[in-house]
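Undergrad: Data: query.pdb, PDB, C-alpha atoms.
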```pdb
ATOM      1  CA  MET H   1     101.736  82.534 136.173
ATOM      2  CA  GLN H   2     105.292  83.536 135.226
ATOM      3  CA  PRO H   3     105.207  87.091 133.786
ATOM      4  CA  ILE H   4     106.486  87.348 130.224
ATOM      5  CA  SER H   5     107.277  90.281 127.997
ATOM      6  CA  LEU H   6     107.069  90.764 124.252
ATOM      7  CA  VAL H   7     110.097  92.958 123.647
ATOM      8  CA  SER H   8     110.634  93.127 119.884
ATOM      9  CA  ALA H   9     109.893  91.715 116.443
ATOM     10  CA  ALA H  10     111.455  91.611 112.987
ATOM     11  CA  SER H  11     110.272  90.623 109.532
ATOM     12  CA  TYR H  12     111.360  89.475 106.114
ATOM     13  CA  LEU H  13     109.494  89.918 102.815
ATOM     14  CA  PRO H  14     110.477  88.214  99.537
ATOM     15  CA  GLU H  15     111.908  90.438  96.821
ATOM     16  CA  ASN H  16     109.323  89.425  94.205
ATOM     17  CA  ILE H  17     106.474  92.002  94.253
ATOM     18  CA  VAL H  18     103.369  90.904  92.333
ATOM     19  CA  PRO H  19     100.761  93.423  91.047
ATOM     20  CA  ASN H  20      97.090  92.730  90.372
ATOM     21  CA  THR H  21      97.759  92.375  86.642
ATOM     22  CA  PHE H  22      99.541  89.085  87.373
ATOM     23  CA  PHE H  23      96.106  87.594  88.103
ATOM     24  CA  THR H  24      93.882  89.396  85.617
ATOM     25  CA  GLU H  25      96.173  88.477  82.720
ATOM     26  CA  SER H  26      95.643  84.797  83.547
ATOM     27  CA  ILE H  27      91.903  84.997  82.745
ATOM     28  CA  ALA H  28      91.134  84.383  79.086
ATOM     29  CA  ASP H  29      88.790  86.616  77.081
ATOM     30  CA  GLY H  30      85.206  85.940  78.042
ATOM     31  CA  GLU H  31      86.188  83.928  81.098
ATOM     32  CA  LYS H  32      84.910  85.218  84.439
ATOM     33  CA  ALA H  33      86.294  84.378  87.839
ATOM     34  CA  SER H  34      83.668  83.044  90.251
ATOM     35  CA  ASN H  35      82.994  85.105  93.412
ATOM     36  CA  SER H  36      85.053  87.914  91.831
ATOM     37  CA  ASN H  37      82.917  90.666  93.367
ATOM     38  CA  HIS H  38      82.912  89.295  96.904
ATOM     39  CA  PRO H  39      84.461  91.702  99.464
ATOM     40  CA  MET H  40      86.484  88.819 100.922
ATOM     41  CA  PHE H  41      88.646  88.962  97.788
ATOM     42  CA  LYS H  42      89.038  92.718  97.345
ATOM     43  CA  GLY H  43      91.375  95.452  98.451
ATOM     44  CA  THR H  44      95.007  94.507  98.089
ATOM     45  CA  GLU H  45      97.105  96.222  95.397
ATOM     46  CA  PHE H  46     100.377  94.334  95.724
ATOM     47  CA  ARG H  47     101.755  91.252  97.440
ATOM     48  CA  HIS H  48     105.085  89.435  97.718
ATOM     49  CA  HIS H  49     105.596  85.909  96.376
ATOM     50  CA  VAL H  50     108.391  83.571  97.411
ATOM     51  CA  ALA H  51     110.822  82.603  94.664
ATOM     52  CA  GLU H  52     111.166  79.009  93.482
ATOM     53  CA  GLU H  53     114.385  78.463  95.425
ATOM     54  CA  GLU H  54     113.247  80.324  98.534
ATOM     55  CA  THR H  55     112.614  78.129 101.574
ATOM     56  CA  ALA H  56     110.870  78.663 104.878
ATOM     57  CA  ILE H  57     114.257  78.286 106.562
ATOM     58  CA  SER H  58     115.911  80.970 104.423
ATOM     59  CA  MET H  59     113.040  83.346 105.245
ATOM     60  CA  LEU H  60     113.231  82.560 108.954
ATOM     61  CA  GLU H  61     116.986  83.010 109.037
ATOM     62  CA  GLN H  62     116.815  86.503 107.538
ATOM     63  CA  ALA H  63     114.077  87.685 109.910
ATOM     64  CA  SER H  64     115.817  86.073 112.900
ATOM     65  CA  ARG H  65     119.177  87.661 112.153
ATOM     66  CA  LYS H  66     117.501  91.060 111.831
ATOM     67  CA  LEU H  67     115.948  90.481 115.257
ATOM     68  CA  GLY H  68     119.325  89.348 116.624
ATOM     69  CA  ASP H  69     121.014  92.504 115.369
ATOM     70  CA  ARG H  70     118.261  94.676 116.837
ATOM     71  CA  LEU H  71     118.529  93.104 120.298
ATOM     72  CA  ASN H  72     122.232  92.163 120.199
ATOM     73  CA  LEU H  73     121.370  88.494 120.711
ATOM     74  CA  ASP H  74     123.825  85.634 120.963
ATOM     75  CA  PHE H  75     121.691  82.839 119.524
ATOM     76  CA  SER H  76     123.829  80.186 121.200
ATOM     77  CA  LYS H  77     122.860  81.566 124.619
ATOM     78  CA  ASP H  78     119.792  83.778 124.257
ATOM     79  CA  VAL H  79     117.146  81.428 122.820
ATOM     80  CA  ASP H  80     115.753  78.804 125.186
ATOM     81  CA  ILE H  81     112.582  78.085 123.179
ATOM     82  CA  ILE H  82     111.834  78.117 119.443
ATOM     83  CA  LEU H  83     108.197  77.922 118.311
ATOM     84  CA  ILE H  84     107.318  77.987 114.591
ATOM     85  CA  ASN H  85     104.144  78.022 112.530
ATOM     86  CA  THR H  86     104.699  77.473 108.777
ATOM     87  CA  THR H  87     101.938  77.559 106.175
ATOM     88  CA  VAL H  88     103.635  75.289 103.600
ATOM     89  CA  LEU H  89     106.445  73.100 104.925
ATOM     90  CA  ASP H  90     109.630  72.733 102.865
ATOM     91  CA  MET H  91     109.375  68.973 103.280
ATOM     92  CA  PRO H  92     106.388  66.813 104.302
ATOM     93  CA  PHE H  93     106.536  65.381 107.828
ATOM     94  CA  THR H  94     109.530  67.529 108.866
ATOM     95  CA  GLY H  95     109.074  70.894 110.555
ATOM     96  CA  CYS H  96     111.450  73.859 110.415
ATOM     97  CA  GLY H  97     112.484  74.224 114.059
ATOM     98  CA  ALA H  98     115.510  71.950 114.237
ATOM     99  CA  GLU H  99     117.036  73.275 111.018
ATOM    100  CA  LEU H 100     116.467  76.894 112.072
ATOM    101  CA  ALA H 101     118.245  76.247 115.371
ATOM    102  CA  HIS H 102     121.147  74.743 113.418
ATOM    103  CA  VAL H 103     121.574  77.602 110.923
ATOM    104  CA  LEU H 104     121.418  80.180 113.741
ATOM    105  CA  GLY H 105     123.758  78.258 116.020
ATOM    106  CA  ALA H 106     121.051  78.218 118.694
ATOM    107  CA  LYS H 107     120.846  75.547 121.393
ATOM    108  CA  PRO H 108     117.267  75.768 122.676
ATOM    109  CA  SER H 109     115.864  73.402 125.264
ATOM    110  CA  TRP H 110     112.523  73.382 123.442
ATOM    111  CA  ILE H 111     111.830  73.269 119.692
ATOM    112  CA  ILE H 112     108.172  72.961 118.711
ATOM    113  CA  ASP H 113     106.666  73.194 115.251
ATOM    114  CA  VAL H 114     103.129  74.422 115.925
ATOM    115  CA  HIS H 115     100.726  73.436 113.162
ATOM    116  CA  ASN H 116      97.476  74.762 114.633
ATOM    117  CA  GLY H 117      96.471  78.343 115.318
ATOM    118  CA  GLY H 118      96.799  79.497 111.706
ATOM    119  CA  CYS H 119      96.387  83.249 111.348
ATOM    120  CA  VAL H 120      96.462  83.792 115.135
ATOM    121  CA  SER H 121      99.234  81.307 115.879
ATOM    122  CA  PHE H 122     101.514  84.169 116.982
ATOM    123  CA  VAL H 123      99.285  84.789 120.010
ATOM    124  CA  TYR H 124      98.744  81.053 120.453
ATOM    125  CA  MET H 125     102.541  80.536 120.574
ATOM    126  CA  MET H 126     102.913  83.385 123.062
ATOM    127  CA  ASP H 127     100.784  81.359 125.463
ATOM    128  CA  ILE H 128     102.716  78.147 124.786
ATOM    129  CA  ALA H 129     105.942  80.016 125.537
ATOM    130  CA  ARG H 130     104.462  81.428 128.734
ATOM    131  CA  SER H 131     103.477  77.950 129.904
ATOM    132  CA  LEU H 132     106.891  76.481 129.079
ATOM    133  CA  MET H 133     108.666  79.305 130.864
ATOM    134  CA  ALA H 134     106.518  78.783 133.954
ATOM    135  CA  SER H 135     107.101  75.021 134.055
ATOM    136  CA  SER H 136     110.667  74.611 132.817
ATOM    137  CA  GLY H 137     112.631  77.641 133.956
ATOM    138  CA  ALA H 138     113.286  78.783 130.376
ATOM    139  CA  LYS H 139     113.920  82.528 130.172
ATOM    140  CA  THR H 140     113.652  83.409 126.477
ATOM    141  CA  ALA H 141     111.639  82.359 123.446
ATOM    142  CA  MET H 142     111.616  83.144 119.754
ATOM    143  CA  ILE H 143     108.222  82.721 118.088
ATOM    144  CA  CYS H 144     108.155  82.549 114.309
ATOM    145  CA  ASN H 145     105.549  82.688 111.548
ATOM    146  CA  VAL H 146     106.166  81.837 107.898
ATOM    147  CA  GLN H 147     103.540  82.477 105.204
ATOM    148  CA  ASN H 148     104.671  81.062 101.871
ATOM    149  CA  ALA H 149     101.479  79.690 100.274
ATOM    150  CA  ALA H 150     101.036  82.585  97.827
ATOM    151  CA  GLY H 151     104.089  81.766  95.735
ATOM    152  CA  ARG H 152     103.854  78.005  96.219
ATOM    153  CA  ILE H 153     100.126  77.386  95.693
ATOM    154  CA  PHE H 154      98.161  80.479  94.654
ATOM    155  CA  ARG H 155     100.463  81.537  91.797
ATOM    156  CA  HIS H 156      99.891  78.286  89.853
ATOM    157  CA  PRO H 157      98.562  79.134  86.354
ATOM    158  CA  GLU H 158      95.250  77.399  87.036
ATOM    159  CA  ASN H 159      94.863  78.835  90.555
ATOM    160  CA  ARG H 160      95.612  82.369  89.349
ATOM    161  CA  LYS H 161      92.177  82.367  87.727
ATOM    162  CA  LEU H 162      90.487  82.048  91.129
ATOM    163  CA  PRO H 163      89.625  85.362  92.847
ATOM    164  CA  GLN H 164      90.972  84.232  96.235
ATOM    165  CA  SER H 165      94.459  83.768  94.755
ATOM    166  CA  ALA H 166      95.030  87.525  94.459
ATOM    167  CA  VAL H 167      94.615  88.107  98.199
ATOM    168  CA  PRO H 168      97.470  86.168  99.891
ATOM    169  CA  GLY H 169     101.010  87.466 100.091
ATOM    170  CA  ASP H 170     104.169  85.861 101.457
ATOM    171  CA  GLY H 171     106.357  86.971 104.336
ATOM    172  CA  CYS H 172     107.945  85.982 107.609
ATOM    173  CA  GLY H 173     107.858  87.516 111.093
ATOM    174  CA  VAL H 174     109.560  86.640 114.370
ATOM    175  CA  GLY H 175     109.009  87.911 117.904
ATOM    176  CA  TYR H 176     111.116  87.696 121.055
ATOM    177  CA  LEU H 177     109.781  86.944 124.536
ATOM    178  CA  VAL H 178     111.578  87.126 127.863
ATOM    179  CA  ALA H 179     110.528  85.886 131.294
ATOM    180  CA  ASN H 180     110.220  89.250 133.043
ATOM    181  CA  ASP H 181     107.873  92.241 133.189
ATOM    182  CA  SER H 182     109.878  94.715 131.087
ATOM    183  CA  SER H 183     107.196  94.907 128.354
ATOM    184  CA  PRO H 184     104.540  92.772 129.957
ATOM    185  CA  VAL H 185     101.949  90.592 128.288
ATOM    186  CA  GLN H 186      98.935  91.381 130.447
ATOM    187  CA  SER H 187      96.474  88.875 129.037
ATOM    188  CA  ILE H 188      96.158  86.056 126.521
ATOM    189  CA  ILE H 189      92.823  84.583 125.411
ATOM    190  CA  ARG H 190      92.646  81.391 123.325
ATOM    191  CA  ARG H 191      89.398  79.957 122.018
ATOM    192  CA  SER H 192      88.724  77.065 119.666
ATOM    193  CA  TYR H 193      85.618  76.334 117.616
ATOM    194  CA  GLY H 194      86.035  72.814 116.305
ATOM    195  CA  GLU H 195      82.664  72.863 114.621
ATOM    196  CA  TYR H 196      84.135  75.192 111.971
ATOM    197  CA  ALA H 197      87.353  73.260 111.341
ATOM    198  CA  LYS H 198      86.064  71.347 108.289
ATOM    199  CA  ASP H 199      85.013  74.535 106.503
ATOM    200  CA  MET H 200      88.598  75.164 105.366
ATOM    201  CA  THR H 201      88.739  72.647 102.535
ATOM    202  CA  ALA H 202      91.586  71.935 100.110
ATOM    203  CA  VAL H 203      90.289  70.472  96.844
ATOM    204  CA  SER H 204      91.338  69.882  93.245
ATOM    205  CA  ASP H 205      89.238  69.744  90.107
ATOM    206  CA  ASP H 206      90.039  66.059  89.563
ATOM    207  CA  GLY H 207      88.659  65.126  92.991
ATOM    208  CA  GLN H 208      91.932  63.635  94.237
ATOM    209  CA  LYS H 209      93.045  63.855  97.862
ATOM    210  CA  TRP H 210      95.727  66.439  98.567
ATOM    211  CA  TRP H 211      98.400  63.765  99.038
ATOM    212  CA  ASP H 212      97.652  61.925  95.773
ATOM    213  CA  PRO H 213      99.758  62.404  92.615
ATOM    214  CA  ARG H 214      97.933  64.905  90.434
ATOM    215  CA  GLU H 215      97.916  66.913  87.254
ATOM    216  CA  THR H 216      95.574  69.641  88.537
ATOM    217  CA  PRO H 217      96.579  71.946  91.419
ATOM    218  CA  MET H 218      95.097  72.009  94.890
ATOM    219  CA  HIS H 219      93.134  75.107  95.918
ATOM    220  CA  ILE H 220      90.996  76.300  98.821
ATOM    221  CA  GLU H 221      87.296  75.836  98.148
ATOM    222  CA  PHE H 222      84.888  78.725  98.734
ATOM    223  CA  THR H 223      81.145  78.821  98.146
ATOM    224  CA  GLU H 224      78.751  81.726  98.652
ATOM    225  CA  HIS H 225      77.270  80.011 101.708
ATOM    226  CA  LYS H 226      80.694  79.294 103.170
ATOM    227  CA  LEU H 227      81.871  82.873 102.568
ATOM    228  CA  ALA H 228      78.782  84.288 104.298
ATOM    229  CA  SER H 229      79.343  81.981 107.274
ATOM    230  CA  ILE H 230      83.030  82.917 107.602
ATOM    231  CA  VAL H 231      82.236  86.644 107.482
ATOM    232  CA  GLY H 232      79.590  86.231 110.167
ATOM    233  CA  ARG H 233      81.900  84.211 112.411
ATOM    234  CA  GLY H 234      84.827  86.583 112.028
ATOM    235  CA  ASN H 235      82.686  89.564 112.948
ATOM    236  CA  LYS H 236      81.533  87.753 116.094
ATOM    237  CA  ILE H 237      84.368  85.668 117.523
ATOM    238  CA  VAL H 238      87.192  88.188 117.053
ATOM    239  CA  PRO H 239      85.526  91.061 118.974
ATOM    240  CA  GLU H 240      84.566  88.547 121.675
ATOM    241  CA  ALA H 241      88.218  87.481 122.029
ATOM    242  CA  LEU H 242      89.438  91.089 122.014
ATOM    243  CA  TYR H 243      86.987  92.135 124.730
ATOM    244  CA  ALA H 244      87.868  89.064 126.805
ATOM    245  CA  ALA H 245      91.548  90.036 126.561
ATOM    246  CA  LEU H 246      90.736  93.575 127.714
ATOM    247  CA  LYS H 247      88.716  92.232 130.625
ATOM    248  CA  GLU H 248      91.495  89.885 131.724
ATOM    249  CA  ALA H 249      93.994  92.764 131.529
ATOM    250  CA  ASN H 250      91.575  94.929 133.541
ATOM    251  CA  ILE H 251      91.530  97.765 131.023
ATOM    252  CA  SER H 252      88.734  99.280 128.928
ATOM    253  CA  MET H 253      88.593  99.865 125.201
ATOM    254  CA  GLN H 254      89.259 103.564 125.875
ATOM    255  CA  ASP H 255      92.703 102.500 127.163
ATOM    256  CA  VAL H 256      93.707 100.802 123.887
ATOM    257  CA  ASP H 257      96.366 102.785 122.034
ATOM    258  CA  LYS H 258      97.195 100.449 119.140
ATOM    259  CA  LEU H 259      95.535  97.442 117.523
ATOM    260  CA  ILE H 260      97.210  94.688 115.484
ATOM    261  CA  THR H 261      95.172  91.856 113.971
ATOM    262  CA  ASN H 262      95.535  89.357 111.191
ATOM    263  CA  GLN H 263      94.498  90.946 107.900
ATOM    264  CA  PRO H 264      92.163  88.880 105.674
ATOM    265  CA  ASN H 265      90.649  91.919 103.939
ATOM    266  CA  HIS H 266      89.651  95.560 104.461
ATOM    267  CA  THR H 267      86.154  94.616 105.607
ATOM    268  CA  PHE H 268      87.350  92.596 108.572
ATOM    269  CA  LEU H 269      89.996  95.185 109.435
ATOM    270  CA  ARG H 270      87.362  97.932 109.558
ATOM    271  CA  ASN H 271      84.815  95.882 111.497
ATOM    272  CA  TRP H 272      87.311  94.722 114.112
ATOM    273  CA  ARG H 273      88.747  98.164 114.858
ATOM    274  CA  GLU H 274      85.256  99.678 115.019
ATOM    275  CA  SER H 275      84.184  96.947 117.434
ATOM    276  CA  VAL H 276      86.808  98.133 119.944
ATOM    277  CA  CYS H 277      86.552 101.833 118.975
ATOM    278  CA  VAL H 278      90.100 102.143 117.629
ATOM    279  CA  GLU H 279      90.749 104.851 115.038
ATOM    280  CA  GLU H 280      92.033 103.716 111.657
ATOM    281  CA  LYS H 281      95.382 105.468 112.186
ATOM    282  CA  ASN H 282      95.948 103.363 115.311
ATOM    283  CA  HIS H 283      95.285 100.033 113.579
ATOM    284  CA  ILE H 284      98.704  98.875 112.394
ATOM    285  CA  HIS H 285      98.567  96.600 109.341
ATOM    286  CA  THR H 286     100.147  96.082 105.923
ATOM    287  CA  PHE H 287      97.223  94.802 103.854
ATOM    288  CA  PRO H 288      97.349  97.210 100.842
ATOM    289  CA  GLU H 289     101.036  96.472 100.192
ATOM    290  CA  HIS H 290     101.326  92.845 101.300
ATOM    291  CA  GLY H 291      97.841  91.314 101.192
ATOM    292  CA  ASN H 292      96.702  88.574 103.550
ATOM    293  CA  LEU H 293      99.855  87.350 105.283
ATOM    294  CA  PHE H 294      98.049  84.637 107.239
ATOM    295  CA  GLY H 295      99.877  83.946 110.538
ATOM    296  CA  ALA H 296     102.801  86.177 109.607
ATOM    297  CA  ALA H 297     100.573  89.292 109.583
ATOM    298  CA  LEU H 298     100.779  89.813 113.352
ATOM    299  CA  PRO H 299     104.585  89.803 113.745
ATOM    300  CA  ILE H 300     105.151  91.624 110.436
ATOM    301  CA  SER H 301     102.723  94.374 111.473
ATOM    302  CA  LEU H 302     104.341  94.477 114.906
ATOM    303  CA  ALA H 303     107.739  94.921 113.268
ATOM    304  CA  ARG H 304     106.315  97.730 111.129
ATOM    305  CA  GLY H 305     104.951  99.467 114.226
ATOM    306  CA  ILE H 306     108.391  99.291 115.841
ATOM    307  CA  GLU H 307     110.359 100.370 112.784
ATOM    308  CA  THR H 308     108.087 103.281 111.840
ATOM    309  CA  GLY H 309     107.646 104.547 115.398
ATOM    310  CA  ALA H 310     103.885 104.045 115.234
ATOM    311  CA  LEU H 311     104.100 101.822 118.314
ATOM    312  CA  LYS H 312     105.284 103.981 121.193
ATOM    313  CA  LYS H 313     106.627 103.250 124.649
ATOM    314  CA  GLY H 314     103.762 103.019 127.119
ATOM    315  CA  ASP H 315     101.139 102.035 124.535
ATOM    316  CA  ASN H 316      98.528  99.458 125.414
ATOM    317  CA  LEU H 317      98.730  97.134 122.408
ATOM    318  CA  LEU H 318      95.753  94.899 121.625
ATOM    319  CA  LEU H 319      96.506  91.829 119.483
ATOM    320  CA  GLY H 320      93.977  89.418 118.018
ATOM    321  CA  GLY H 321      92.210  87.739 115.162
ATOM    322  CA  PHE H 322      90.905  84.398 113.960
ATOM    323  CA  ALA H 323      92.204  81.461 111.937
ATOM    324  CA  HIS H 324      91.165  79.495 108.859
ATOM    325  CA  ALA H 325      87.361  79.441 108.615
ATOM    326  CA  GLY H 326      86.929  80.332 112.301
ATOM    327  CA  ASP H 327      88.293  77.346 114.222
ATOM    328  CA  TYR H 328      90.507  79.521 116.447
ATOM    329  CA  ALA H 329      90.270  83.045 117.854
ATOM    330  CA  CYS H 330      92.746  84.826 120.117
ATOM    331  CA  GLY H 331      93.230  88.123 121.894
ATOM    332  CA  SER H 332      96.071  89.582 123.940
ATOM    333  CA  VAL H 333      97.067  92.837 125.614
ATOM    334  CA  VAL H 334     100.686  93.965 125.855
ATOM    335  CA  HIS H 335     101.841  97.035 127.761
ATOM    336  CA  TRP H 336     104.465  97.931 125.193
ATOM    337  CA  GLN H 337     107.804  99.290 126.378
ATOM    338  CA  GLY H 338     109.876  98.711 123.253
ATOM    339  CA  GLY H 339     112.809  96.612 124.383
ATOM    340  CA  GLU H 340     115.492  97.626 121.886
TER     341      GLU H 340
END
```
As structure tokens, what does this structure read like?

TA:
Amino acid sequence: MQPISLVSAASYLPENIVPNTFFTESIADGEKASNSNHPMFKGTEFRHHVAEEETAISMLEQASRKLGDRLNLDFSKDVDIILINTTVLDMPFTGCGAELAHVLGAKPSWIIDVHNGGCVSFVYMMDIARSLMASSGAKTAMICNVQNAAGRIFRHPENRKLPQSAVPGDGCGVGYLVANDSSPVQSIIRRSYGEYAKDMTAVSDDGQKWWDPRETPMHIEFTEHKLASIVGRGNKIVPEALYAALKEANISMQDVDKLITNQPNHTFLRNWRESVCVEEKNHIHTFPEHGNLFGAALPISLARGIETGALKKGDNLLLGGFAHAGDYACGSVVHWQGGE
């Protein structure tokens, strides 16, 4: 397989910072949010919400230009592949890839809007890029994640009453891959569990389908049974993927220097790092400030590790997590060399 390297990442976060009071003030006197004490919905203090006029493209452009400045990229020459996962599309049917290429002046051979993979789509797209590079001769790829559901769905006045609405935050992260071994990706593990796919359910109180005209907002349905199942799956399938990635890279957990995962809540973050014996200080994440960033959590946390110096040259970086209600899990090892 063609060797590839993950050499850098950059992020963008909306200006609008939302505190916990934004959600508690929406609950009337005497009204109690269901599931409000469940650990799945606890822990974050702040989160960012996209503004009304803010688009996935505008978020992607800002993160991409930051990446371009960091690596001195000429987008017209230095991006052969663009892969994008977006939580809430700006327009139905149409992805973001073609428009992003246009606003950046890029001329990629491949533009793919990747809808599956969810919270681990960053790793999933790394593997797609690796396969395209091996088969097509492409040399560079930009992989992009946009999370914008918090400000578009979860901030609705009716949805704000639901405990799960306080957890998501919005943001955008992009990573840059090159077809060489300068900061080599040593393993990528992808696993799918289709039997769990239907457990991520979008519903509305009026019973309408998500595409029907409506007066009540759509929200993600959680029940106590479903929450217990998701917690159990996450605590099983993510460590399995992480250990499989270590095995494929031929290193042990004692060789792991830094860990980056998606960040649903503090409970998962703690359980996952303990499963691979990583100290809390070596688990790079942004959950207290930014909440659950869905697929954007991996590249945004990677960018934080680069910008703060927490991720150091020579580190063995372990990436991983799971998506939705457990339909995907991924793991990857990168021997980080910090291509600035």

Undergrad: Please expand the PyMOL selection byres ((chain H and resi 126-136) around 10) into the concrete residues it hits in this file, giving the result as a short mmCIF file (atom, residue, chain, number, x, y, z; two decimals) with C-alpha atoms, keeping the file's coordinate frame.

TA:
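File produced: out.cif:
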```cif
data_model
loop_
_atom_site.label_atom_id
_atom_site.label_comp_id
_atom_site.auth_asym_id
_atom_site.auth_seq_id
_atom_site.Cartn_x
_atom_site.Cartn_y
_atom_site.Cartn_z
CA MET H 1 101.74 82.53 136.17
CA GLN H 2 105.29 83.54 135.23
CA PRO H 3 105.21 87.09 133.79
CA ILE H 4 106.49 87.35 130.22
CA SER H 5 107.28 90.28 128.00
CA LEU H 6 107.07 90.76 124.25
CA ASP H 80 115.75 78.80 125.19
CA ILE H 81 112.58 78.08 123.18
CA ILE H 82 111.83 78.12 119.44
CA LEU H 83 108.20 77.92 118.31
CA SER H 109 115.86 73.40 125.26
CA TRP H 110 112.52 73.38 123.44
CA ILE H 112 108.17 72.96 118.71
CA VAL H 114 103.13 74.42 115.92
CA SER H 121 99.23 81.31 115.88
CA PHE H 122 101.51 84.17 116.98
CA VAL H 123 99.28 84.79 120.01
CA TYR H 124 98.74 81.05 120.45
CA MET H 125 102.54 80.54 120.57
CA GLY H 137 112.63 77.64 133.96
CA ALA H 138 113.29 78.78 130.38
CA LYS H 139 113.92 82.53 130.17
CA THR H 140 113.65 83.41 126.48
CA ALA H 141 111.64 82.36 123.45
CA MET H 142 111.62 83.14 119.75
CA ILE H 143 108.22 82.72 118.09
CA GLY H 175 109.01 87.91 117.90
CA TYR H 176 111.12 87.70 121.06
CA LEU H 177 109.78 86.94 124.54
CA VAL H 178 111.58 87.13 127.86
CA ALA H 179 110.53 85.89 131.29
CA VAL H 185 101.95 90.59 128.29
CA SER H 187 96.47 88.88 129.04
CA ILE H 188 96.16 86.06 126.52
CA ILE H 189 92.82 84.58 125.41
CA ARG H 190 92.65 81.39 123.32
CA SER H 332 96.07 89.58 123.94
#
```

Undergrad: Quick one: of H:Leu67, H:Ile111, H:Ala323, H:Leu162, who's nearest to Thr261 in chain H, counting all atoms listed in the file?

TA: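 Nearest candidate to Thr261 in chain H out of H:Leu67, H:Ile111, H:Ala323, H:Leu162: H:Ala323.
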
Undergrad: Any chance you could work out the residue set of the PyMOL selection byres ((chain H and resi 89) around 10) here, as a list in words?

TA: Thr55, Ala56, Ile57, Asn85, Thr86, Thr87, Val88, Asp90, Met91, Pro92, Phe93, Thr94, Gly95, Cys96, Val146, Gln147, Asn148 and Ala149 of chain H

Undergrad: For His290 in chain H, which of H:Asp181, H:Glu99, H:Glu25, H:Asp170 is the closest residue, counting all atoms listed in the file?

TA: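 Closest to His290 in chain H, using all atoms listed in the file: H:Asp170.
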
Undergrad: Using all atoms listed in the file for the distances, tell me which of H:Ala329, H:Leu104, H:Ala249, H:Val334 is nearest to Leu302 in chain H.

TA: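 Ranking H:Ala329, H:Leu104, H:Ala249, H:Val334 by distance to Leu302 in chain H, first place goes to H:Val334.
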
Undergrad: How many Å separate CA of Phe294 in chain H from CA of Val103 in chain H?

TA: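 Atom-to-atom, CA of Phe294 in chain H to CA of Val103 in chain H, that is 24.8 Å.
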
Undergrad: Just give me the gap between CA of Phe287 in chain H and CA of Pro168 in chain H in Å, one decimal is fine.

TA: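 Taking CA of Phe287 in chain H as the start and CA of Pro168 in chain H as the end point, the length is 9.5 Å.
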
Undergrad: Name the residues in contact with range 304-306 of chain H at a cut-off of 8 Å, using only C-alpha atoms, excluding same-chain residues fewer than 5 positions from it; report them as JSON, numbers by chain.

TA: {"H": [8, 9, 284, 311, 312, 338]}

Undergrad: Suppose you want the space between CA of Thr44 in chain H and CA of Gly291 in chain H; what is it in Å?

TA: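 Atom-to-atom, CA of Thr44 in chain H to CA of Gly291 in chain H, that is 5.3 Å.
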
Undergrad: Could you check which of H:Tyr193, H:Tyr12, H:Phe75, H:Phe268 is closest to Leu100 in chain H, using all atoms listed in the file?

TA: H:Phe75

Undergrad: Using all atoms listed in the file, determine which residues lie at most 12 Å from Asn282 in chain H, disregarding the query and same-chain residues fewer than 6 positions distant; provide the list as a list of chain:residue names.

TA: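 In the requested form, the answer reads H:Val256, H:Asp257, H:Lys258, H:Leu259, H:Ile260, H:Thr261, H:Leu269, H:Arg270, H:Arg273, H:Glu274, H:Val276, H:Ser301, H:Gly305, H:Gly309, H:Ala310, H:Leu311, H:Lys312, H:Asp315, H:Asn316, H:Leu317, H:Leu318.
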
Undergrad: Determine the nearest neighbour of Pro157 in chain H from the options H:Glu307, H:Glu61, H:Gly320, H:Thr216, counting only C-alpha atoms.

TA: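 Going through H:Glu307, H:Glu61, H:Gly320, H:Thr216 one by one, the smallest distance to Pro157 in chain H is for H:Thr216.
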
Undergrad: Name the residues in contact with Met59 in chain H at a cut-off of 9 Å, using all atoms listed in the file, excluding same-chain residues fewer than 3 positions from it; report them as a list in words.

TA: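 Listed by chain and then number, they are Ser11, Tyr12, Leu13, Pro14, Glu54, Thr55, Ala56, Gln62, Ala63, Ser64, Val146, Gly171, Cys172 and Gly173 of chain H.
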
Undergrad: Any idea what's packed within 10 Å of range 217-234 of chain H, counting all atoms listed in the file, ignoring anything in its chain fewer than 3 positions away? Could you give it as a ChimeraX atom specification?

TA: /H:34-35,38-40,153-154,156-159,162,164-165,196,199-211,214,237-240,264,267-268,271-272,321-327,329

Undergrad: I'd like to know which of H:Gln186, H:Thr286, H:Asn235, H:Glu15 is closest to Asn250 in chain H, using only C-alpha atoms.

TA: H:Gln186
